[in-house]
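As stored in my_file_3.cif (mmCIF, C-alpha atoms and all ligand atoms):
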```
data_model
#
loop_
_atom_site.label_atom_id
_atom_site.label_comp_id
_atom_site.auth_asym_id
_atom_site.auth_seq_id
_atom_site.Cartn_x
_atom_site.Cartn_y
_atom_site.Cartn_z
CA MET Q 1303 19.63 4.84 -24.16
CA LYS Q 1304 18.23 7.36 -21.74
CA TYR Q 1305 15.42 6.62 -19.30
CA PHE Q 1306 13.25 8.53 -16.89
CA ALA Q 1307 11.52 6.64 -14.08
CA THR Q 1308 8.68 8.61 -12.52
CA CYS Q 1309 7.60 8.45 -8.89
CA ALA Q 1310 5.36 10.22 -6.36
CA LYS Q 1311 6.59 13.71 -5.55
CA GLY Q 1312 8.90 13.61 -2.54
CA THR Q 1313 9.99 9.99 -3.09
CA GLU Q 1314 12.76 10.73 -5.63
CA GLY Q 1315 15.51 10.06 -3.04
CA ALA Q 1316 14.19 6.55 -2.37
CA LEU Q 1317 13.96 5.81 -6.10
CA ARG Q 1318 17.47 7.15 -6.73
CA ARG Q 1319 18.92 4.84 -4.07
CA GLU Q 1320 16.96 1.90 -5.46
CA LEU Q 1321 18.15 2.42 -9.04
CA SER Q 1322 21.74 3.00 -7.90
CA ALA Q 1323 21.59 -0.30 -6.02
CA LEU Q 1324 20.62 -1.97 -9.32
CA ARG Q 1325 23.93 -0.61 -10.66
CA LEU Q 1326 22.24 1.36 -13.42
CA HIS Q 1327 24.34 4.10 -15.03
CA ALA Q 1328 24.13 7.88 -14.71
CA VAL Q 1329 21.38 7.70 -12.07
CA ARG Q 1330 20.25 11.25 -11.33
CA GLY Q 1331 17.36 12.49 -9.20
CA GLU Q 1332 15.13 15.09 -10.80
CA GLN Q 1333 11.77 16.51 -9.86
CA GLY Q 1334 9.11 13.82 -10.11
CA GLY Q 1335 11.52 11.04 -10.97
CA VAL Q 1336 15.01 9.76 -11.65
CA SER Q 1337 16.90 9.53 -14.95
CA PHE Q 1338 19.34 6.76 -15.81
CA GLU Q 1339 21.08 5.31 -18.84
CA GLY Q 1340 21.65 1.86 -20.26
CA LYS Q 1341 20.57 -0.71 -22.81
CA LEU Q 1342 17.03 -2.09 -22.97
CA GLU Q 1343 17.94 -4.52 -20.19
CA ALA Q 1344 18.41 -1.55 -17.84
CA GLY Q 1345 14.80 -0.46 -18.39
CA LEU Q 1346 13.60 -4.02 -17.87
CA ALA Q 1347 15.57 -4.27 -14.62
CA ALA Q 1348 13.92 -1.07 -13.33
CA CYS Q 1349 10.48 -2.48 -14.18
CA LEU Q 1350 11.20 -5.77 -12.45
CA HIS Q 1351 12.98 -4.53 -9.33
CA SER Q 1352 11.89 -0.99 -8.53
CA ARG Q 1353 9.40 -0.81 -5.66
CA VAL Q 1354 9.06 2.98 -5.81
CA ALA Q 1355 8.88 3.87 -9.54
CA MET Q 1356 5.47 4.53 -11.07
CA ARG Q 1357 6.53 4.35 -14.73
CA VAL Q 1358 9.70 3.74 -16.69
CA LEU Q 1359 10.01 5.86 -19.83
CA LEU Q 1360 12.53 5.23 -22.59
CA GLU Q 1361 13.47 8.51 -24.27
CA LEU Q 1362 13.33 8.39 -28.08
CA ALA Q 1363 13.76 12.03 -29.01
CA ARG Q 1364 14.11 15.49 -27.57
CA PHE Q 1365 13.66 18.53 -29.80
CA PRO Q 1366 12.45 22.15 -29.84
CA ALA Q 1367 8.68 22.33 -30.29
CA GLY Q 1368 7.29 25.81 -29.74
CA ASP Q 1369 4.30 25.17 -31.99
CA ALA Q 1370 2.26 22.37 -33.57
CA ALA Q 1371 4.25 22.34 -36.83
CA SER Q 1372 7.62 21.89 -35.13
CA LEU Q 1373 6.11 19.23 -32.87
CA TYR Q 1374 4.86 17.33 -35.93
CA ASP Q 1375 8.22 17.65 -37.72
CA GLY Q 1376 10.20 16.53 -34.68
CA ALA Q 1377 7.95 13.51 -34.10
CA ARG Q 1378 8.01 12.60 -37.78
CA ALA Q 1379 11.82 12.47 -37.80
CA VAL Q 1380 11.89 9.59 -35.26
CA ASP Q 1381 12.48 6.10 -36.69
CA TRP Q 1382 9.18 4.62 -35.48
CA SER Q 1383 9.67 1.47 -37.52
CA ALA Q 1384 12.19 0.36 -34.86
CA TRP Q 1385 9.30 0.16 -32.36
CA LEU Q 1386 6.08 -0.38 -34.30
CA THR Q 1387 4.85 -2.40 -37.25
CA THR Q 1388 1.68 -1.78 -39.24
CA ARG Q 1389 -0.10 -4.26 -36.96
CA THR Q 1390 0.96 -2.71 -33.64
CA THR Q 1391 -1.68 -0.54 -31.99
CA LEU Q 1392 -0.57 2.68 -30.38
CA ALA Q 1393 -1.74 5.52 -28.14
CA VAL Q 1394 -0.16 8.89 -27.42
CA GLU Q 1395 -0.57 10.73 -24.16
CA SER Q 1396 0.80 14.16 -23.46
CA THR Q 1397 1.53 16.63 -20.72
CA LEU Q 1398 2.38 20.28 -21.31
CA ARG Q 1399 4.13 22.72 -18.98
CA ASP Q 1400 4.73 26.39 -19.78
CA SER Q 1401 4.26 25.62 -23.45
CA GLY Q 1402 2.99 27.69 -26.38
CA LEU Q 1403 0.95 24.59 -27.20
CA THR Q 1404 -2.04 24.98 -24.95
CA HIS Q 1405 -4.10 21.86 -25.55
CA SER Q 1406 -2.57 18.53 -24.56
CA GLY Q 1407 -5.11 16.53 -26.59
CA TYR Q 1408 -4.18 18.47 -29.72
CA ALA Q 1409 -0.46 17.98 -29.08
CA ALA Q 1410 -1.04 14.22 -28.71
CA LEU Q 1411 -2.99 14.22 -31.97
CA LYS Q 1412 -0.10 15.92 -33.80
CA VAL Q 1413 2.33 13.28 -32.57
CA LYS Q 1414 -0.07 10.50 -33.51
CA ASP Q 1415 -0.39 11.97 -37.05
CA ALA Q 1416 3.40 12.17 -37.33
CA VAL Q 1417 3.87 8.53 -36.23
CA VAL Q 1418 1.16 7.23 -38.54
CA ASP Q 1419 2.43 9.28 -41.52
CA ALA Q 1420 6.02 8.20 -40.95
CA LEU Q 1421 5.04 4.53 -40.85
CA ARG Q 1422 2.77 4.78 -43.88
CA ASP Q 1423 5.65 6.29 -45.85
CA LYS Q 1424 8.11 3.64 -44.74
CA LEU Q 1425 5.94 0.50 -44.52
CA GLY Q 1426 3.07 1.28 -46.88
CA ALA Q 1427 0.29 1.01 -44.30
CA ARG Q 1428 -0.65 2.71 -41.03
CA PRO Q 1429 -1.04 1.18 -37.58
CA ASP Q 1430 -4.29 1.56 -35.62
CA VAL Q 1431 -4.82 3.71 -32.58
CA ASP Q 1432 -6.19 2.05 -29.44
CA PRO Q 1433 -6.46 4.63 -26.67
CA LYS Q 1434 -7.59 2.09 -24.05
CA ASP Q 1435 -5.28 -0.88 -24.45
CA PRO Q 1436 -2.48 -0.08 -26.92
CA ASP Q 1437 0.50 -2.31 -27.66
CA VAL Q 1438 2.80 0.70 -27.58
CA ARG Q 1439 2.26 3.74 -25.37
CA ILE Q 1440 3.97 6.89 -26.60
CA VAL Q 1441 4.43 9.64 -24.05
CA LEU Q 1442 4.91 13.26 -25.04
CA HIS Q 1443 6.12 15.77 -22.48
CA VAL Q 1444 6.52 19.40 -23.46
CA ALA Q 1445 8.27 21.75 -21.04
CA GLY Q 1446 8.65 25.28 -22.34
CA ASP Q 1447 9.83 24.97 -25.95
CA GLU Q 1448 11.27 21.48 -25.56
CA ALA Q 1449 9.41 18.28 -26.41
CA THR Q 1450 10.43 14.83 -25.19
CA LEU Q 1451 9.03 11.70 -26.79
CA SER Q 1452 9.28 8.43 -24.88
CA LEU Q 1453 7.94 4.91 -24.80
CA ASP Q 1454 6.31 3.66 -21.62
CA LEU Q 1455 7.86 0.30 -20.71
CA ALA Q 1456 5.48 -0.54 -17.89
CA GLY Q 1457 2.11 -0.09 -19.59
CA GLU Q 1458 -0.15 -0.27 -16.55
CA PRO Q 1459 1.54 1.91 -13.89
CA LEU Q 1460 3.97 0.02 -11.68
CA HIS Q 1461 1.97 0.52 -8.49
CA ARG Q 1462 -0.44 -2.03 -9.93
CA ARG Q 1463 1.59 -5.02 -8.83
CA GLY Q 1464 -1.41 -7.26 -9.40
CA TYR Q 1465 -2.14 -8.29 -5.81
CA ARG Q 1466 -4.74 -5.75 -4.77
CA SER Q 1467 -8.28 -6.99 -4.99
CA GLY Q 1468 -9.44 -6.45 -1.40
CA MET Q 1469 -10.29 -2.78 -1.08
CA THR Q 1470 -10.75 -0.52 1.94
CA PRO Q 1471 -11.20 3.25 2.03
CA ALA Q 1472 -8.07 5.33 1.37
CA PRO Q 1473 -5.53 2.57 0.58
CA LEU Q 1474 -1.96 3.68 -0.05
CA LYS Q 1475 -0.57 3.08 -3.52
CA GLU Q 1476 1.86 0.17 -3.39
CA THR Q 1477 4.70 2.36 -4.68
CA LEU Q 1478 4.08 5.03 -2.03
CA ALA Q 1479 3.95 2.39 0.71
CA ALA Q 1480 7.31 1.05 -0.54
CA ALA Q 1481 8.72 4.60 -0.49
CA VAL Q 1482 7.50 5.10 3.10
CA LEU Q 1483 9.35 1.93 4.15
CA ALA Q 1484 12.51 2.99 2.32
CA LEU Q 1485 12.51 6.65 3.41
CA GLY Q 1486 11.58 5.62 6.96
CA GLY Q 1487 14.62 3.32 7.07
CA VAL Q 1488 12.54 0.28 8.10
CA ASP Q 1489 14.83 -2.61 9.01
CA ARG Q 1490 13.80 -5.66 6.95
CA GLU Q 1491 15.46 -8.07 9.37
CA ARG Q 1492 13.47 -6.99 12.44
CA PRO Q 1493 9.83 -7.32 13.55
CA PHE Q 1494 7.28 -5.08 11.89
CA ILE Q 1495 3.81 -4.06 13.07
CA ASP Q 1496 1.24 -2.01 11.18
CA PRO Q 1497 -1.46 -1.38 13.82
CA MET Q 1498 -3.83 0.34 11.34
CA CYS Q 1499 -3.22 -1.83 8.29
CA GLY Q 1500 -6.38 -1.21 6.23
CA SER Q 1501 -5.92 -3.24 3.04
CA GLY Q 1502 -2.45 -4.25 4.25
CA THR Q 1503 -0.29 -2.33 1.77
CA LEU Q 1504 2.55 -1.42 4.17
CA ALA Q 1505 2.76 -4.90 5.69
CA ILE Q 1506 2.60 -6.60 2.27
CA GLU Q 1507 5.23 -4.29 0.74
CA HIS Q 1508 7.42 -4.89 3.80
CA ALA Q 1509 7.00 -8.66 3.44
CA LEU Q 1510 7.87 -8.51 -0.27
CA ALA Q 1511 10.99 -6.46 0.48
CA ALA Q 1512 11.98 -8.62 3.47
CA ARG Q 1513 11.74 -11.74 1.31
CA ARG Q 1514 13.49 -9.97 -1.58
CA ILE Q 1515 10.61 -10.79 -3.88
CA ALA Q 1516 10.93 -8.60 -6.99
CA PRO Q 1517 7.77 -6.47 -7.21
CA GLY Q 1518 7.40 -6.99 -10.97
CA LEU Q 1519 7.39 -10.79 -10.85
CA GLY Q 1520 3.62 -11.15 -10.78
CA ARG Q 1521 2.44 -8.84 -13.57
CA PRO Q 1522 2.68 -8.30 -17.30
CA PHE Q 1523 4.51 -5.28 -18.79
CA GLY Q 1524 3.85 -3.05 -21.76
CA PHE Q 1525 7.19 -3.85 -23.41
CA GLN Q 1526 6.14 -7.51 -23.73
CA ARG Q 1527 3.78 -6.37 -26.48
CA TRP Q 1528 6.44 -4.53 -28.47
CA PRO Q 1529 7.60 -6.14 -31.73
CA ALA Q 1530 11.19 -5.63 -30.50
CA TYR Q 1531 10.45 -7.90 -27.50
CA ARG Q 1532 10.22 -11.11 -29.49
CA GLY Q 1533 13.51 -12.99 -29.66
CA ALA Q 1534 16.59 -11.95 -27.73
CA LEU Q 1535 14.82 -9.50 -25.43
CA GLN Q 1536 12.25 -12.10 -24.43
CA SER Q 1537 15.03 -14.54 -23.47
CA THR Q 1538 16.74 -11.79 -21.47
CA TRP Q 1539 13.50 -11.03 -19.64
CA ASP Q 1540 12.87 -14.71 -18.88
CA ARG Q 1541 16.41 -15.00 -17.54
CA MET Q 1542 16.05 -11.90 -15.40
CA LYS Q 1543 12.80 -13.21 -13.90
CA GLU Q 1544 14.33 -16.59 -13.22
CA GLU Q 1545 17.26 -14.98 -11.40
CA ALA Q 1546 14.85 -12.83 -9.40
CA ARG Q 1547 12.82 -15.90 -8.43
CA ARG Q 1548 15.96 -17.67 -7.27
CA ALA Q 1549 17.02 -14.68 -5.15
CA ALA Q 1550 13.75 -14.65 -3.15
CA LEU Q 1551 13.86 -15.95 0.43
CA PRO Q 1552 11.41 -18.72 1.37
CA ALA Q 1553 10.12 -16.81 4.41
CA ALA Q 1554 10.38 -13.40 6.06
CA PRO Q 1555 13.27 -13.21 8.55
CA ALA Q 1556 11.16 -11.65 11.36
CA PRO Q 1557 7.50 -11.43 12.44
CA ILE Q 1558 5.17 -9.13 10.47
CA VAL Q 1559 1.91 -8.17 12.16
CA ALA Q 1560 -1.02 -6.51 10.39
CA ARG Q 1561 -3.67 -5.16 12.78
CA ASP Q 1562 -6.79 -3.11 12.34
CA LEU Q 1563 -9.87 -2.31 14.32
CA PHE Q 1564 -12.16 -3.61 11.61
CA THR Q 1565 -12.76 -7.13 10.37
CA LYS Q 1566 -13.51 -5.92 6.85
CA ALA Q 1567 -10.08 -4.30 6.60
CA LEU Q 1568 -8.39 -7.46 7.88
CA ASP Q 1569 -10.32 -9.57 5.36
CA ALA Q 1570 -9.13 -7.30 2.54
CA ALA Q 1571 -5.54 -7.38 3.84
CA ARG Q 1572 -5.60 -11.18 4.03
CA LYS Q 1573 -6.90 -11.46 0.48
CA ASN Q 1574 -4.22 -9.09 -0.82
CA ALA Q 1575 -1.44 -10.83 1.10
CA ALA Q 1576 -2.53 -14.17 -0.36
CA ALA Q 1577 -2.50 -12.71 -3.90
CA ALA Q 1578 0.98 -11.25 -3.25
CA GLY Q 1579 2.24 -14.66 -2.09
CA VAL Q 1580 3.14 -13.48 1.43
CA LEU Q 1581 0.12 -14.71 3.43
CA ALA Q 1582 2.25 -17.07 5.53
CA ASP Q 1583 4.60 -14.21 6.46
CA LEU Q 1584 1.89 -12.04 8.00
CA ARG Q 1585 -0.03 -12.41 11.22
CA PHE Q 1586 -3.40 -10.69 11.38
CA GLU Q 1587 -4.94 -9.34 14.56
CA ARG Q 1588 -8.01 -7.34 15.31
CA GLY Q 1589 -7.58 -4.59 17.88
CA ASP Q 1590 -7.57 -0.94 18.73
CA VAL Q 1591 -4.26 0.85 18.22
CA ARG Q 1592 -4.78 2.43 21.62
CA ASP Q 1593 -4.61 -1.00 23.27
CA LEU Q 1594 -1.40 -1.99 21.51
CA ALA Q 1595 1.44 -3.22 23.73
CA PRO Q 1596 4.73 -5.03 22.99
CA GLU Q 1597 4.49 -8.79 22.84
CA PRO Q 1598 6.65 -10.55 25.43
CA GLY Q 1599 9.69 -12.05 23.78
CA MET Q 1600 9.43 -10.06 20.55
CA ALA Q 1601 12.64 -8.17 19.72
CA PRO Q 1602 12.24 -4.45 19.02
CA GLY Q 1603 11.48 -3.52 15.43
CA THR Q 1604 9.37 -0.96 13.59
CA LEU Q 1605 5.80 0.22 14.09
CA CYS Q 1606 4.72 1.61 10.76
CA MET Q 1607 1.33 3.09 9.95
CA ASN Q 1608 -0.78 5.46 7.99
CA PRO Q 1609 -3.47 6.62 10.44
CA PRO Q 1610 -6.73 8.18 9.23
CA TYR Q 1611 -6.24 11.82 8.26
CA GLY Q 1612 -9.75 13.14 8.80
CA GLU Q 1613 -13.01 13.53 6.90
CA ARG Q 1614 -12.28 10.89 4.29
CA LEU Q 1615 -12.25 8.08 6.86
CA MET Q 1616 -14.74 9.54 9.29
CA GLY Q 1617 -17.63 7.25 10.11
CA LYS Q 1618 -21.22 8.18 9.64
CA PRO Q 1619 -22.98 8.58 13.00
CA GLY Q 1620 -24.00 5.14 14.27
CA ASP Q 1621 -21.65 3.26 11.95
CA GLU Q 1622 -20.19 0.67 14.32
CA GLU Q 1623 -17.49 -0.53 11.96
CA ARG Q 1624 -16.11 2.98 11.84
CA GLY Q 1625 -17.02 4.08 15.35
CA ARG Q 1626 -13.57 4.08 16.85
CA ALA Q 1627 -11.89 5.54 13.81
CA GLY Q 1628 -13.27 8.78 15.14
CA GLY Q 1629 -17.02 8.26 14.81
CA ALA Q 1630 -18.22 6.96 18.18
CA PRO Q 1631 -16.32 7.31 21.46
CA ARG Q 1632 -14.62 4.30 23.04
CA GLY Q 1633 -17.06 1.97 24.73
CA ALA Q 1634 -20.04 3.39 22.87
CA ARG Q 1635 -23.03 1.06 22.81
CA PRO Q 1636 -23.44 -0.87 19.56
CA GLY Q 1637 -26.11 0.89 17.52
CA ALA Q 1638 -25.68 4.20 19.32
CA GLY Q 1639 -26.42 6.99 16.88
CA ARG Q 1640 -29.18 5.05 15.17
CA ARG Q 1641 -32.72 6.29 15.47
CA GLY Q 1642 -35.53 3.77 15.32
CA GLY Q 1643 -33.13 1.30 13.63
CA ARG Q 1644 -32.45 3.77 10.79
CA GLU Q 1645 -29.08 5.37 10.26
CA GLU Q 1646 -28.99 9.11 10.52
CA PRO Q 1647 -28.04 10.84 7.27
CA PRO Q 1648 -24.40 11.99 7.03
CA ALA Q 1649 -24.15 15.46 8.52
CA PHE Q 1650 -20.84 16.93 7.45
CA ASP Q 1651 -21.66 20.40 8.64
CA ARG Q 1652 -19.07 22.47 10.43
CA ARG Q 1653 -20.12 21.26 13.86
CA ALA Q 1654 -19.95 17.60 12.89
CA ALA Q 1655 -16.53 18.19 11.31
CA HIS Q 1656 -15.36 19.86 14.52
CA VAL Q 1657 -16.60 16.99 16.67
CA SER Q 1658 -14.96 14.48 14.32
CA GLN Q 1659 -11.72 16.42 14.52
CA LEU Q 1660 -11.80 16.31 18.32
CA LYS Q 1661 -12.33 12.54 18.20
CA LEU Q 1662 -9.46 12.14 15.80
CA GLU Q 1663 -7.25 14.15 18.13
CA GLY Q 1664 -8.30 11.78 20.94
CA LEU Q 1665 -7.35 8.82 18.72
CA TYR Q 1666 -3.94 10.39 18.01
CA ARG Q 1667 -3.29 10.98 21.72
CA GLY Q 1668 -4.23 7.38 22.51
CA MET Q 1669 -1.99 6.19 19.70
CA ALA Q 1670 0.95 8.24 20.96
CA GLU Q 1671 0.38 6.79 24.44
CA ALA Q 1672 0.40 3.22 23.05
CA LEU Q 1673 3.60 3.88 21.09
CA GLY Q 1674 5.19 5.11 24.32
CA ARG Q 1675 5.09 1.49 25.57
CA PHE Q 1676 7.44 0.31 22.81
CA HIS Q 1677 10.86 1.04 24.30
CA GLY Q 1678 13.68 0.45 21.85
CA TRP Q 1679 11.38 0.34 18.79
CA SER Q 1680 11.17 2.78 15.90
CA ALA Q 1681 7.94 4.29 14.63
CA VAL Q 1682 7.38 5.42 11.04
CA LEU Q 1683 4.18 7.32 10.41
CA LEU Q 1684 2.64 8.81 7.31
CA SER Q 1685 0.73 11.78 8.62
CA GLY Q 1686 -1.80 13.89 6.77
CA ASN Q 1687 -2.97 15.80 9.80
CA PRO Q 1688 -0.87 18.28 11.84
CA HIS Q 1689 -2.69 17.17 15.02
CA LEU Q 1690 -0.98 13.79 14.66
CA ASP Q 1691 2.44 15.46 14.51
CA ALA Q 1692 1.48 17.50 17.60
CA ALA Q 1693 0.31 14.41 19.54
CA MET Q 1694 3.51 12.52 18.72
CA GLY Q 1695 6.01 15.26 19.54
CA ARG Q 1696 9.31 15.98 17.84
CA ALA Q 1697 10.25 13.52 15.09
CA GLU Q 1698 13.81 12.36 14.47
CA VAL Q 1699 13.12 12.52 10.71
CA ARG Q 1700 10.46 14.59 8.92
CA HIS Q 1701 10.04 14.26 5.20
CA ARG Q 1702 7.50 15.98 2.93
CA LEU Q 1703 5.84 13.88 0.25
CA TRP Q 1704 2.58 13.61 -1.66
CA ASN Q 1705 -0.14 11.00 -1.36
CA GLY Q 1706 -1.81 11.79 -4.70
CA PRO Q 1707 -2.78 15.47 -4.40
CA LEU Q 1708 -2.43 15.49 -0.59
CA GLU Q 1709 0.72 16.85 0.96
CA VAL Q 1710 1.68 14.52 3.80
CA ARG Q 1711 4.60 14.02 6.19
CA LEU Q 1712 6.69 10.98 6.82
CA LEU Q 1713 7.66 11.03 10.50
CA ARG Q 1714 10.22 8.78 12.13
CA TYR Q 1715 10.66 8.38 15.87
CA ARG Q 1716 13.08 6.47 18.00
CA LEU Q 1717 10.97 5.25 20.93
CA ARG Q 1718 12.93 5.27 24.20
C1 LIG X 1801 -5.67 5.45 6.18
S1 LIG X 1801 -6.24 3.84 6.57
C2 LIG X 1801 -4.83 2.85 6.34
C3 LIG X 1801 -4.69 2.48 4.92
C4 LIG X 1801 -3.65 1.42 4.70
N1 LIG X 1801 -2.31 1.92 4.90
C5 LIG X 1801 -3.81 0.82 3.30
O1 LIG X 1801 -2.89 0.95 2.48
O2 LIG X 1801 -4.87 0.27 3.00
C6 LIG X 1801 -6.38 3.87 8.32
C7 LIG X 1801 -6.82 2.57 8.94
O3 LIG X 1801 -6.91 2.75 10.34
C8 LIG X 1801 -7.93 1.92 10.82
N2 LIG X 1801 -8.33 2.43 12.15
C9 LIG X 1801 -9.06 3.52 12.43
N3 LIG X 1801 -9.19 3.68 13.76
C10 LIG X 1801 -8.49 2.67 14.33
C11 LIG X 1801 -8.20 2.30 15.68
N4 LIG X 1801 -8.68 2.99 16.69
N5 LIG X 1801 -7.42 1.22 15.90
C12 LIG X 1801 -6.92 0.48 14.86
N6 LIG X 1801 -7.18 0.78 13.58
C13 LIG X 1801 -7.93 1.86 13.31
C14 LIG X 1801 -9.01 2.03 9.77
O4 LIG X 1801 -9.86 0.91 9.81
C15 LIG X 1801 -8.20 2.10 8.48
O5 LIG X 1801 -8.10 0.82 7.93
#
```
Rewritten as structure tokens:
Amino acid sequence: MKYFATCAKGTEGALRRELSALRLHAVRGEQGGVSFEGKLEAGLAACLHSRVAMRVLLELARFPAGDAASLYDGARAVDWSAWLTTRTTLAVESTLRDSGLTHSGYAALKVKDAVVDALRDKLGARPDVDPKDPDVRIVLHVAGDEATLSLDLAGEPLHRRGYRSGMTPAPLKETLAAAVLALGGVDRERPFIDPMCGSGTLAIEHALAARRIAPGLGRPFGFQRWPAYRGALQSTWDRMKEEARRAALPAAPAPIVARDLFTKALDAARKNAAAAGVLADLRFERGDVRDLAPEPGMAPGTLCMNPPYGERLMGKPGDEERGRAGGAPRGARPGAGRRGGREEPPAFDRRAAHVSQLKLEGLYRGMAEALGRFHGWSAVLLSGNPHLDAAMGRAEVRHRLWNGPLEVRLLRYRLR
């Protein structure tokens, strides 16, 4: 069987290494993901163990589909009864690239018609469609004249590990945080500090990896609702989870510190760490990144962070909780920027944006200065603002990747 695991653009290398380490066959990096081959167990292993993959797709058919009729015929020829019964609900989603078919909704509808017709012919009744919460998710991808039909093993995308309930602005997806740690070469055996932890994603993903806790242990998967799951596959899955549980370490091998300037962020990070089962592995501290200094007696490790990029995290004038993220200058009086107890309305005009930018540049300079105190450590930064790169100087490793639609840089420094 052939699979395609998808991931955030720019993280394919990390996913390829991860899947190779699982000893999956024919692992090959492609744009937007990695293909591999194997039995159903191989797909289950990717779901359970991959920290970087977003989805795991099992390829059912690949055929020429330049128009709606050939798409219907190709989809109809698949033996859907191997995957669905008349009582299984289904949904079809589709993406089109350089295709004669111009409407993805219409293409999905054609595939749905083909599946339903094929099953009615073979089983005498048709299954229902449930676009919101289907038992089986069918994925159509058309590139040029070629259509690929797959089943989505994960269901809910894999970045939803199930631990995030505490929210802060601009959290990293769990899978992207894991890719940052992998691509940044973060040493799992050494101390780790995220001085701008927000909802704690980097520190939590690091703790999960350091304790070798399989990321899929705490969530359900789409394939568990497939008719084919019941029986032998279910026993295989239970066994795989049991082995994964046994492989986990009882505690992280080195200190993990999650810091932020804001109490609300630390509260969210604590809540998420508890849900992920790594609360005892993390230490939480409130403080300004610019005041950060090495702790006496702590061996060198990695400083890893995703500093604010700009507008999205800029505080409104007078917002104390956000003041030092670029809103108010250091040492500003509490309440400064308020008039008569009222908050000023947000003023994102060009001047305000310019002032905010200058403050952010000040934050980056202060951050670079603080990092300069960490002799012998490594720093891994996810930067969405060229001023950060400029403040930090020449990186040992620079890697381009995408945080959703935003092009960002992973920067790695050896601090001397
Ligand atoms: C882009 S967010 C980090 C998101 C985080 N990686 C996550 O996944 O939730 C940047 C964080 O930096 C924090 N921050 C801003 N200015 C700071 C400062 N001067 N010192 C420490 N933390 C700061 C913000 O509170 C915010 O939580």
Contacts of Ser1452 in chain Q at 10 Å (all atoms listed in the file; same-chain gap of 2+ positions) as a PyMOL selection string: chain Q and resi 1304-1306+1358-1364+1394+1439-1443+1449-1450+1454-1455
Closest of Q:Ala1571, Q:Val1482, Q:Ala1409, Q:Ala1697 to Arg1588 in chain Q - atom-to-atom distances counting only C-alpha atoms: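 So, comparing all the options, the nearest one is Q:Ala1571.
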For the interface of chain Q with ligand LIG 1801 (chain X) (cut-off 6 Å, counting only C-alpha atoms and all ligand atoms), please tabulate each contacting residue of chain Q alongside its nearest pair of atoms and their separation in Å to one decimal, rows sorted by chain and increasing number, as a tab-separated table.
```
residue	atom	partner	partner_atom	distance
Q:Ala1472	CA	X:LIG1801	C1	5.4
Q:Pro1473	CA	X:LIG1801	O2	3.4
Q:Leu1474	CA	X:LIG1801	O1	3.8
Q:Pro1497	CA	X:LIG1801	C12	5.9
Q:Met1498	CA	X:LIG1801	O3	4.0
Q:Cys1499	CA	X:LIG1801	C4	4.9
Q:Gly1500	CA	X:LIG1801	O5	3.2
Q:Ser1501	CA	X:LIG1801	O2	3.7
Q:Gly1502	CA	X:LIG1801	O2	5.3
Q:Thr1503	CA	X:LIG1801	O1	4.2
Q:Leu1504	CA	X:LIG1801	N1	5.9
Q:Asp1562	CA	X:LIG1801	N6	4.1
Q:Leu1563	CA	X:LIG1801	C12	4.1
Q:Phe1564	CA	X:LIG1801	O4	5.4
Q:Ala1567	CA	X:LIG1801	O5	5.6
Q:Gly1589	CA	X:LIG1801	C12	5.9
Q:Asp1590	CA	X:LIG1801	N5	3.6
Q:Val1591	CA	X:LIG1801	N5	3.9
Q:Asn1608	CA	X:LIG1801	N1	4.9
Q:Pro1609	CA	X:LIG1801	C6	4.5
Q:Pro1610	CA	X:LIG1801	C1	4.2
Q:Arg1626	CA	X:LIG1801	N4	5.0
Q:Ala1627	CA	X:LIG1801	N3	3.3
```
Straight-line distance linking CA of Leu1594 in chain Q with CA of Ala1578 in chain Q, stated in Å to one decimal: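 Spanning CA of Leu1594 in chain Q to CA of Ala1578 in chain Q is a straight-line distance of 26.5 Å.
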Near-Leu1346 in chain Q list (9 Å; only C-alpha atoms; drop same-chain fewer than 3 positions) as a ChimeraX atom specification: /Q:1342-1343,1349-1351,1358,1455-1456,1525,1539,1542
Shortest interatomic distance to Ala1509 in chain Q - which of Q:Arg1716, Q:Arg1330, Q:Arg1422, Q:Arg1492, counting all atoms listed in the file: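 Under the stated criterion, the closest residue is Q:Arg1492.
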Atom-to-atom span, CA of Ala1505 in chain Q and CA of Leu1713 in chain Q, Å: 17.3 Å
Report as CSV the residues of range 1648-1670 of chain Q within 9 Å of range 1688-1692 of chain Q, each with its shortest atom pair and distance in Å (one decimal), using only C-alpha atoms, ordered by chain and increasing residue number.
```
residue,atom,partner,partner_atom,distance
Q:Leu1662,CA,Q:His1689,CA,8.5
Q:Glu1663,CA,Q:His1689,CA,6.3
Q:Tyr1666,CA,Q:Leu1690,CA,5.6
Q:Arg1667,CA,Q:Leu1690,CA,7.9
Q:Ala1670,CA,Q:Leu1690,CA,8.6
```
Residue neighbourhood range 1703-1706 of chain Q, 9 Å, only C-alpha atoms, exclusion window fewer than 4 positions, as a list in words: Ala1310, Lys1311, Gly1312, Thr1313, Leu1474, Lys1475, Leu1478, Gly1686, Val1710, Arg1711 and Leu1712 of chain Q
Best match for closeness to Pro1471 in chain Q among Q:Arg1592, Q:Arg1521, Q:Arg1357, Q:Lys1566, counting all atoms listed in the file: Q:Lys1566
Closest of Q:Leu1584, Q:Met1669, Q:Ala1445, Q:Ala1393 to Phe1494 in chain Q - atom-to-atom distances counting only C-alpha atoms: Q:Leu1584
Given all atoms listed in the file as the counted atoms, nearest of Q:Asp1435, Q:Asp1540, Q:Glu1671, Q:Glu1339 to Ala1595 in chain Q: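 Using all atoms listed in the file, Ala1595 in chain Q sits closest to Q:Glu1671.
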Asp1419 in chain Q environment, 8 Å, all atoms listed in the file, sequence neighbours closer than 4 positions dropped, as an MDAnalysis selection string: chainID Q and resid 1378 1415 1423 1428
